[in-house]
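Text of coords04.cif (mmCIF, C-alpha atoms and all ligand atoms) as supplied:
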```
data_final
#
loop_
_atom_site.label_atom_id
_atom_site.label_comp_id
_atom_site.auth_asym_id
_atom_site.auth_seq_id
_atom_site.Cartn_x
_atom_site.Cartn_y
_atom_site.Cartn_z
CA MET A 28 22.74 -15.08 2.76
CA THR A 29 23.11 -18.62 3.91
CA ILE A 30 26.04 -19.77 5.93
CA GLU A 31 26.44 -23.48 6.30
CA ILE A 32 27.87 -24.36 9.67
CA ARG A 33 29.14 -27.87 10.08
CA ILE A 34 30.44 -29.25 13.29
CA MET A 35 32.72 -32.15 12.66
CA ALA A 36 34.07 -33.23 15.98
CA PHE A 37 36.42 -36.11 15.27
CA VAL A 38 36.99 -37.21 18.75
CA SER A 39 38.88 -39.72 20.77
CA THR A 40 36.97 -42.43 22.57
CA ALA A 41 37.92 -40.95 25.90
CA ALA A 42 36.59 -37.46 25.40
CA TRP A 43 33.90 -37.19 22.79
CA MET A 44 31.42 -35.25 24.78
CA PRO A 45 33.57 -32.37 25.99
CA ARG A 46 34.82 -31.62 22.47
CA VAL A 47 31.41 -31.83 20.83
CA VAL A 48 30.04 -29.59 23.56
CA PHE A 49 32.88 -27.15 23.21
CA VAL A 50 32.39 -26.67 19.48
CA ALA A 51 28.60 -26.48 19.82
CA SER A 52 28.95 -23.85 22.54
CA LEU A 53 31.36 -21.87 20.40
CA VAL A 54 28.85 -21.77 17.55
CA ALA A 55 26.08 -20.74 19.94
CA ALA A 56 28.29 -17.96 21.32
CA LEU A 57 29.17 -16.72 17.83
CA ALA A 58 25.50 -16.79 16.84
CA MET A 59 24.58 -14.66 19.83
CA ALA A 60 27.48 -12.26 19.36
CA SER A 61 26.68 -11.19 15.80
CA GLY A 62 23.22 -9.93 14.92
CA PRO A 63 22.65 -10.71 11.20
CA ALA A 64 24.93 -13.74 11.43
CA ALA A 65 22.71 -15.15 14.16
CA ALA A 66 19.85 -15.73 11.73
CA ALA A 67 22.19 -17.40 9.28
CA ALA A 68 23.52 -19.68 12.01
CA ARG A 69 19.98 -20.58 13.02
CA GLY A 70 19.15 -21.41 9.42
CA GLY A 71 22.28 -23.53 8.97
CA ARG A 72 22.77 -27.16 9.72
CA ARG A 73 25.18 -28.84 12.07
CA VAL A 74 26.74 -32.29 11.94
CA ILE A 75 27.18 -33.90 15.34
CA HIS A 76 29.49 -36.90 15.61
CA LEU A 77 29.17 -39.12 18.66
CA ARG A 78 31.02 -42.34 19.43
CA PHE A 79 29.96 -44.74 22.13
CA TYR A 80 29.81 -48.45 22.89
CA MET A 81 26.74 -50.64 23.21
CA HIS A 82 26.56 -53.72 25.42
CA ASP A 83 24.16 -56.36 24.10
CA ILE A 84 23.85 -58.96 26.85
CA THR A 85 21.54 -61.80 25.83
CA GLY A 86 21.89 -64.05 28.88
CA GLY A 87 23.43 -64.54 32.30
CA PRO A 88 23.89 -61.88 34.97
CA GLY A 89 23.10 -58.35 33.84
CA GLN A 90 21.02 -59.52 30.87
CA THR A 91 19.67 -56.52 28.88
CA ALA A 92 18.28 -58.24 25.75
CA VAL A 93 15.52 -60.85 25.73
CA GLN A 94 14.23 -62.93 22.84
CA VAL A 95 10.49 -62.29 22.59
CA VAL A 96 9.72 -64.14 19.33
CA LYS A 97 11.15 -67.50 18.39
CA GLY A 98 10.86 -67.68 14.59
CA PRO A 99 8.67 -70.69 13.71
CA GLY A 100 10.44 -71.31 10.41
CA PRO A 101 13.29 -73.68 9.55
CA ALA A 102 16.75 -73.27 11.07
CA HIS A 103 18.72 -70.40 9.56
CA PRO A 104 21.32 -71.67 7.04
CA VAL A 105 24.25 -69.61 8.37
CA MET A 106 23.29 -68.81 11.98
CA PRO A 107 23.26 -72.01 14.00
CA GLY A 108 20.44 -72.15 16.53
CA SER A 109 18.63 -69.17 14.95
CA HIS A 110 15.42 -69.02 12.94
CA PHE A 111 14.02 -66.53 10.44
CA GLY A 112 11.86 -64.11 12.45
CA ASP A 113 13.69 -64.45 15.77
CA THR A 114 13.09 -61.15 17.54
CA THR A 115 14.83 -59.67 20.57
CA VAL A 116 13.89 -56.62 22.62
CA MET A 117 16.74 -54.74 24.25
CA ASP A 118 17.52 -52.04 26.75
CA ASP A 119 21.29 -52.10 26.24
CA ALA A 120 23.73 -49.92 28.17
CA LEU A 121 25.75 -47.34 26.21
CA THR A 122 29.13 -46.38 27.61
CA GLU A 123 31.82 -43.88 26.74
CA GLY A 124 34.50 -46.57 26.38
CA ALA A 125 34.46 -50.19 25.30
CA SER A 126 34.54 -51.40 28.90
CA ALA A 127 31.14 -51.91 30.53
CA ALA A 128 32.66 -50.21 33.60
CA SER A 129 33.32 -46.95 31.72
CA ARG A 130 31.04 -43.95 32.10
CA PRO A 131 27.41 -44.62 31.10
CA VAL A 132 26.10 -42.22 28.43
CA GLY A 133 22.70 -43.73 27.63
CA ARG A 134 20.62 -46.74 26.64
CA ALA A 135 19.69 -48.35 23.32
CA GLN A 136 16.05 -49.35 23.53
CA GLY A 137 14.35 -51.26 20.73
CA THR A 138 14.27 -54.52 18.86
CA TYR A 139 16.19 -56.57 16.33
CA THR A 140 14.77 -59.28 14.11
CA LEU A 141 16.50 -61.92 11.99
CA ALA A 142 14.94 -60.66 8.76
CA SER A 143 17.03 -62.36 6.07
CA LEU A 144 16.24 -65.91 4.95
CA ARG A 145 19.81 -66.59 3.81
CA GLU A 146 22.20 -63.97 5.22
CA PRO A 147 23.09 -63.28 8.85
CA ALA A 148 21.30 -59.93 8.71
CA LEU A 149 19.21 -58.34 11.43
CA TRP A 150 16.68 -55.55 11.07
CA VAL A 151 17.37 -53.09 13.90
CA SER A 152 14.93 -50.46 15.13
CA MET A 153 15.94 -48.55 18.24
CA THR A 154 15.97 -45.31 20.18
CA VAL A 155 19.30 -44.09 21.52
CA VAL A 156 18.39 -42.42 24.81
CA LEU A 157 21.20 -40.14 25.99
CA THR A 158 21.27 -39.92 29.78
CA GLY A 159 24.46 -38.06 30.56
CA GLY A 160 26.62 -35.21 29.40
CA ALA A 161 25.69 -32.42 27.04
CA TYR A 162 22.86 -34.25 25.29
CA ASN A 163 21.21 -35.67 28.41
CA GLY A 164 17.50 -36.14 27.70
CA SER A 165 17.84 -36.11 23.89
CA THR A 166 17.11 -39.19 21.78
CA ILE A 167 18.19 -40.44 18.34
CA ALA A 168 16.04 -42.80 16.24
CA VAL A 169 18.10 -45.45 14.42
CA VAL A 170 16.81 -47.98 11.88
CA GLY A 171 18.58 -50.30 9.50
CA ARG A 172 20.20 -53.52 8.46
CA ASP A 173 22.91 -55.14 10.56
CA ASP A 174 24.69 -57.80 8.53
CA ILE A 175 26.78 -59.30 11.29
CA SER A 176 29.24 -60.83 8.79
CA ALA A 177 30.29 -57.34 7.59
CA SER A 178 33.08 -55.58 9.50
CA VAL A 179 31.31 -52.20 9.24
CA ARG A 180 27.56 -51.83 8.91
CA GLU A 181 25.70 -48.62 8.05
CA LEU A 182 22.34 -47.85 9.60
CA ALA A 183 20.18 -44.75 9.19
CA VAL A 184 19.52 -41.92 11.63
CA VAL A 185 15.86 -41.21 10.87
CA GLY A 186 15.05 -38.60 13.50
CA GLY A 187 15.46 -37.55 17.08
CA THR A 188 14.29 -35.37 19.92
CA GLY A 189 15.79 -32.52 21.92
CA ALA A 190 19.15 -31.54 20.44
CA PHE A 191 18.52 -34.14 17.71
CA ARG A 192 15.08 -32.91 16.64
CA GLY A 193 14.76 -33.33 12.86
CA ALA A 194 18.07 -35.24 12.63
CA THR A 195 19.10 -37.20 9.57
CA GLY A 196 22.29 -39.13 9.05
CA HIS A 197 23.92 -42.46 9.52
CA VAL A 198 25.55 -44.76 12.05
CA LEU A 199 28.69 -46.79 11.40
CA TRP A 200 28.30 -49.95 13.44
CA ARG A 201 31.13 -52.35 14.29
CA THR A 202 31.51 -55.34 16.55
CA ALA A 203 34.23 -54.17 18.94
CA ARG A 204 34.63 -57.37 20.92
CA MET A 205 32.96 -60.31 22.61
CA GLU A 206 33.16 -60.04 26.40
CA SER A 207 31.60 -63.50 26.63
CA ARG A 208 29.33 -65.76 24.60
CA ASP A 209 26.36 -63.65 25.76
CA HIS A 210 27.93 -60.17 25.80
CA VAL A 211 28.72 -58.41 22.52
CA VAL A 212 30.30 -54.95 22.58
CA LEU A 213 29.42 -52.80 19.56
CA GLU A 214 31.13 -49.57 18.58
CA LEU A 215 28.72 -46.97 17.19
CA ASP A 216 29.75 -43.81 15.35
CA VAL A 217 26.72 -41.58 14.93
CA TYR A 218 26.82 -38.79 12.32
CA ALA A 219 23.66 -36.74 12.76
CA THR A 220 22.87 -33.61 10.77
CA VAL A 221 20.49 -31.38 12.71
CA PRO A 222 18.69 -28.23 11.58
CA GLY A 223 20.24 -25.05 12.96
CA ALA A 224 17.03 -24.48 14.93
CA SER A 225 17.53 -27.59 17.09
CA PRO A 226 18.16 -26.67 20.72
CA PRO A 227 21.87 -26.62 21.60
CA PRO A 228 23.16 -28.77 24.46
CA ARG A 229 22.14 -27.51 27.89
CA ALA A 230 24.90 -25.90 29.92
CA GLY A 231 23.31 -27.15 33.15
CA ALA A 232 23.43 -30.72 31.91
CA VAL A 233 27.09 -30.32 31.07
CA ARG A 234 27.85 -29.27 34.64
CA GLN A 235 25.77 -32.12 36.07
CA GLY A 236 27.71 -34.54 33.93
CA GLY A 237 30.95 -33.33 35.50
CA LEU A 238 32.43 -32.32 32.16
CA ASN A 239 35.07 -29.64 32.23
CA LEU A 240 35.01 -27.33 29.22
CA ASP A 241 38.03 -25.24 30.23
C1 LIG A 301 20.09 -36.03 33.22
O1 LIG A 301 18.87 -35.33 33.31
C2 LIG A 301 18.03 -35.82 34.37
C3 LIG A 301 16.68 -35.12 34.24
O2 LIG A 301 16.85 -33.74 34.04
C4 LIG A 301 18.71 -35.56 35.70
O3 LIG A 301 17.92 -36.05 36.76
C5 LIG A 301 20.05 -36.29 35.71
O4 LIG A 301 20.76 -35.97 36.89
C6 LIG A 301 20.89 -35.88 34.51
N1 LIG A 301 22.06 -36.74 34.47
C7 LIG A 301 23.29 -36.29 34.20
C8 LIG A 301 24.38 -37.31 34.27
O5 LIG A 301 23.53 -35.13 33.90
#
```

Please express the file's structure as structure tokens.
Ligand SMILES: *[C@@H]1O[C@H](CO)[C@@H](O)[C@H](O)[C@H]1NC(C)=O
Amino acid sequence: MTIEIRIMAFVSTAAWMPRVVFVASLVAALAMASGPAAAAARGGRRVIHLRFYMHDITGGPGQTAVQVVKGPGPAHPVMPGSHFGDTTVMDDALTEGASAASRPVGRAQGTYTLASLREPALWVSMTVVLTGGAYNGSTIAVVGRDDISASVRELAVVGGTGAFRGATGHVLWRTARMESRDHVVLELDVYATVPGASPPPRAGAVRQGGLNLD
């Protein structure tokens, strides 16, 4: 018997972690409470939905992204000042809300390259490192195409570690706002399907993060 367990936590910006944690804990409790059902739950798959904001700061105070390759080719036709092959390495802050002052939840570490000759499209390759809340210590590997002229972009979740071990899925990626010429705020909705065997969030980490599950 196979029972498919899906966790769809459609959450508000303000409180994504507590709700995701709550539902995940509930499933873990149910799995422990019922013998034969436990195996089915372990064999099932869960969808985890996270929303957070990414701060790409390419200059000025608090810079987190640095251009490491200046493309030697001709100027890009639709991105003034940019060249095919331009590559930036980032360690961008991830926060719970769109404000940089809201609670930090992790970092986005990786690179993006201007990889289209004609369109304003970047190739992104990064690790989402979660540093707070229920998934503290887990990572999500994200790869894909970011056409900055599109209102919503879709990138791939290609793996992960910890609670996201063996993850597959997608990320919906939007430009939320420009704080300044050098500071873009991106809204990321991550939909990750994880095997039932992936470790659930750690209760200790939840307490450390100050999240109240009551
Ligand atoms: C995340 O985990 C690290 C290592 O276990 C710990 O030092 C840190 O306090 C945790 N942070 C939060 C916000 O829970």

Near stretch 78-93 of chain A, counting all atoms listed in the file, which residues have an atom at most 10 Å away, once you skip same-chain residues fewer than 6 positions from it, shown as a PyMOL selection string? chain A and resi 37-44+114-127+129+131-139+198-218

For a quick check of understanding, using only C-alpha atoms and all ligand atoms, which of A:Gly186, A:Pro228, A:Ala148, A:Ala128 has the smallest distance to ligand LIG 301 (chain A)?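 Nearest to ligand LIG 301 (chain A): A:Pro228.
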
Length of the atom CA of A:Gly164 to atom CA of A:Leu182 vector [Å]: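 Separating atom CA of A:Gly164 from atom CA of A:Leu182 is a distance of 22.1 Å.
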
How many Å lie between atom CA of A:Val105 and atom CA of A:Ala177, rounded to one decimal?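 One can read the atom CA of A:Val105 to atom CA of A:Ala177 distance as 13.7 Å.
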
Two-atom distance - atom CA of A:Pro99, atom CA of A:Val169 (Å): 27.0 Å

Taking only C-alpha atoms into account, produce a table as a tab-separated table in which each residue of stretch 91-170 of chain A with an atom at most 10 Å from an atom of stretch 222-227 of chain A appears once, together with its shortest atom pair and the distance in Å to one decimal, ordered by chain and rising number.
```
residue	atom	partner	partner_atom	distance
A:Ala161	CA	A:Pro227	CA	8.8
A:Tyr162	CA	A:Pro227	CA	8.5
A:Ser165	CA	A:Pro226	CA	10.0
```

Between A:Arg130, A:Val184, A:Trp150, A:Ala194, single out the one closest to ligand LIG 301 (chain A), counting only C-alpha atoms and all ligand atoms. A:Arg130

As AutoDock Vina command-line options, please report the centre and edge lengths, rounded to one decimal in Å, of the axis-aligned box that holds all listed atoms of ligand LIG 301 (chain A) with 5 Å of padding on each of the six sides.
```
--center_x 20.5 --center_y -35.5 --center_z 35.1 --size_x 17.7 --size_y 13.6 --size_z 13.7
```

Choose the residue, out of A:Val156, A:Val179, A:Val221, A:Leu77, that has the smallest atom-to-atom separation from ligand LIG 301 (chain A); count only C-alpha atoms and all ligand atoms.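 Counting only C-alpha atoms and all ligand atoms, the residue closest to ligand LIG 301 (chain A) is A:Val156.
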
Counting all atoms listed in the file, which of A:Gly160, A:Asp113, A:Ser178, A:Pro147 gets nearest to A:Pro101? A:Asp113

So, counting only C-alpha atoms, which residue among A:Gly196, A:Gly189, A:Gly112, A:Pro104 is closest to A:Thr166?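 Closest to A:Thr166, using only C-alpha atoms: A:Gly189.
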
Reconstruct N, CA and C atoms of stretch 108-127 of chain A; output as an mmCIF file, in the frame of the given file.
```
data_model
loop_
_atom_site.group_PDB
_atom_site.id
_atom_site.type_symbol
_atom_site.label_atom_id
_atom_site.label_comp_id
_atom_site.auth_asym_id
_atom_site.auth_seq_id
_atom_site.Cartn_x
_atom_site.Cartn_y
_atom_site.Cartn_z
ATOM 1 N N GLY A 108 21.309 -72.379 15.378
ATOM 2 C CA GLY A 108 20.440 -72.150 16.530
ATOM 3 C C GLY A 108 19.448 -71.022 16.326
ATOM 4 N N SER A 109 19.537 -70.302 15.198
ATOM 5 C CA SER A 109 18.630 -69.170 14.950
ATOM 6 C C SER A 109 17.619 -69.524 13.877
ATOM 7 N N HIS A 110 16.512 -68.800 13.886
ATOM 8 C CA HIS A 110 15.420 -69.020 12.940
ATOM 9 C C HIS A 110 14.973 -67.686 12.369
ATOM 10 N N PHE A 111 14.585 -67.713 11.084
ATOM 11 C CA PHE A 111 14.020 -66.530 10.440
ATOM 12 C C PHE A 111 12.871 -65.999 11.295
ATOM 13 N N GLY A 112 12.920 -64.714 11.632
ATOM 14 C CA GLY A 112 11.860 -64.110 12.450
ATOM 15 C C GLY A 112 12.199 -63.990 13.923
ATOM 16 N N ASP A 113 13.292 -64.612 14.361
ATOM 17 C CA ASP A 113 13.690 -64.450 15.770
ATOM 18 C C ASP A 113 13.768 -62.952 16.100
ATOM 19 N N THR A 114 13.148 -62.565 17.190
ATOM 20 C CA THR A 114 13.090 -61.150 17.540
ATOM 21 C C THR A 114 13.479 -60.945 19.008
ATOM 22 N N THR A 115 14.336 -59.968 19.221
ATOM 23 C CA THR A 115 14.830 -59.670 20.570
ATOM 24 C C THR A 115 14.517 -58.220 20.909
ATOM 25 N N VAL A 116 14.080 -57.988 22.145
ATOM 26 C CA VAL A 116 13.890 -56.620 22.620
ATOM 27 C C VAL A 116 15.025 -56.308 23.590
ATOM 28 N N MET A 117 15.551 -55.091 23.464
ATOM 29 C CA MET A 117 16.740 -54.740 24.250
ATOM 30 C C MET A 117 16.579 -53.408 24.971
ATOM 31 N N ASP A 118 17.312 -53.312 26.064
ATOM 32 C CA ASP A 118 17.520 -52.040 26.750
ATOM 33 C C ASP A 118 19.008 -52.033 27.121
ATOM 34 N N ASP A 119 19.844 -51.893 26.088
ATOM 35 C CA ASP A 119 21.290 -52.100 26.240
ATOM 36 C C ASP A 119 21.977 -50.832 26.767
ATOM 37 N N ALA A 120 22.951 -51.050 27.646
ATOM 38 C CA ALA A 120 23.730 -49.920 28.170
ATOM 39 C C ALA A 120 24.641 -49.360 27.078
ATOM 40 N N LEU A 121 24.782 -48.031 27.082
ATOM 41 C CA LEU A 121 25.750 -47.340 26.210
ATOM 42 C C LEU A 121 26.790 -46.702 27.114
ATOM 43 N N THR A 122 28.055 -46.928 26.785
ATOM 44 C CA THR A 122 29.130 -46.380 27.610
ATOM 45 C C THR A 122 30.113 -45.597 26.755
ATOM 46 N N GLU A 123 30.863 -44.745 27.436
ATOM 47 C CA GLU A 123 31.820 -43.880 26.740
ATOM 48 C C GLU A 123 32.971 -44.693 26.142
ATOM 49 N N GLY A 124 33.422 -45.701 26.858
ATOM 50 C CA GLY A 124 34.500 -46.570 26.380
ATOM 51 C C GLY A 124 33.990 -47.971 26.138
ATOM 52 N N ALA A 125 34.876 -48.831 25.629
ATOM 53 C CA ALA A 125 34.460 -50.190 25.300
ATOM 54 C C ALA A 125 34.188 -51.044 26.543
ATOM 55 N N SER A 126 34.778 -50.651 27.669
ATOM 56 C CA SER A 126 34.540 -51.400 28.900
ATOM 57 C C SER A 126 33.154 -51.076 29.465
ATOM 58 N N ALA A 127 32.473 -52.121 29.935
ATOM 59 C CA ALA A 127 31.140 -51.910 30.530
ATOM 60 C C ALA A 127 31.248 -51.049 31.781
#
```
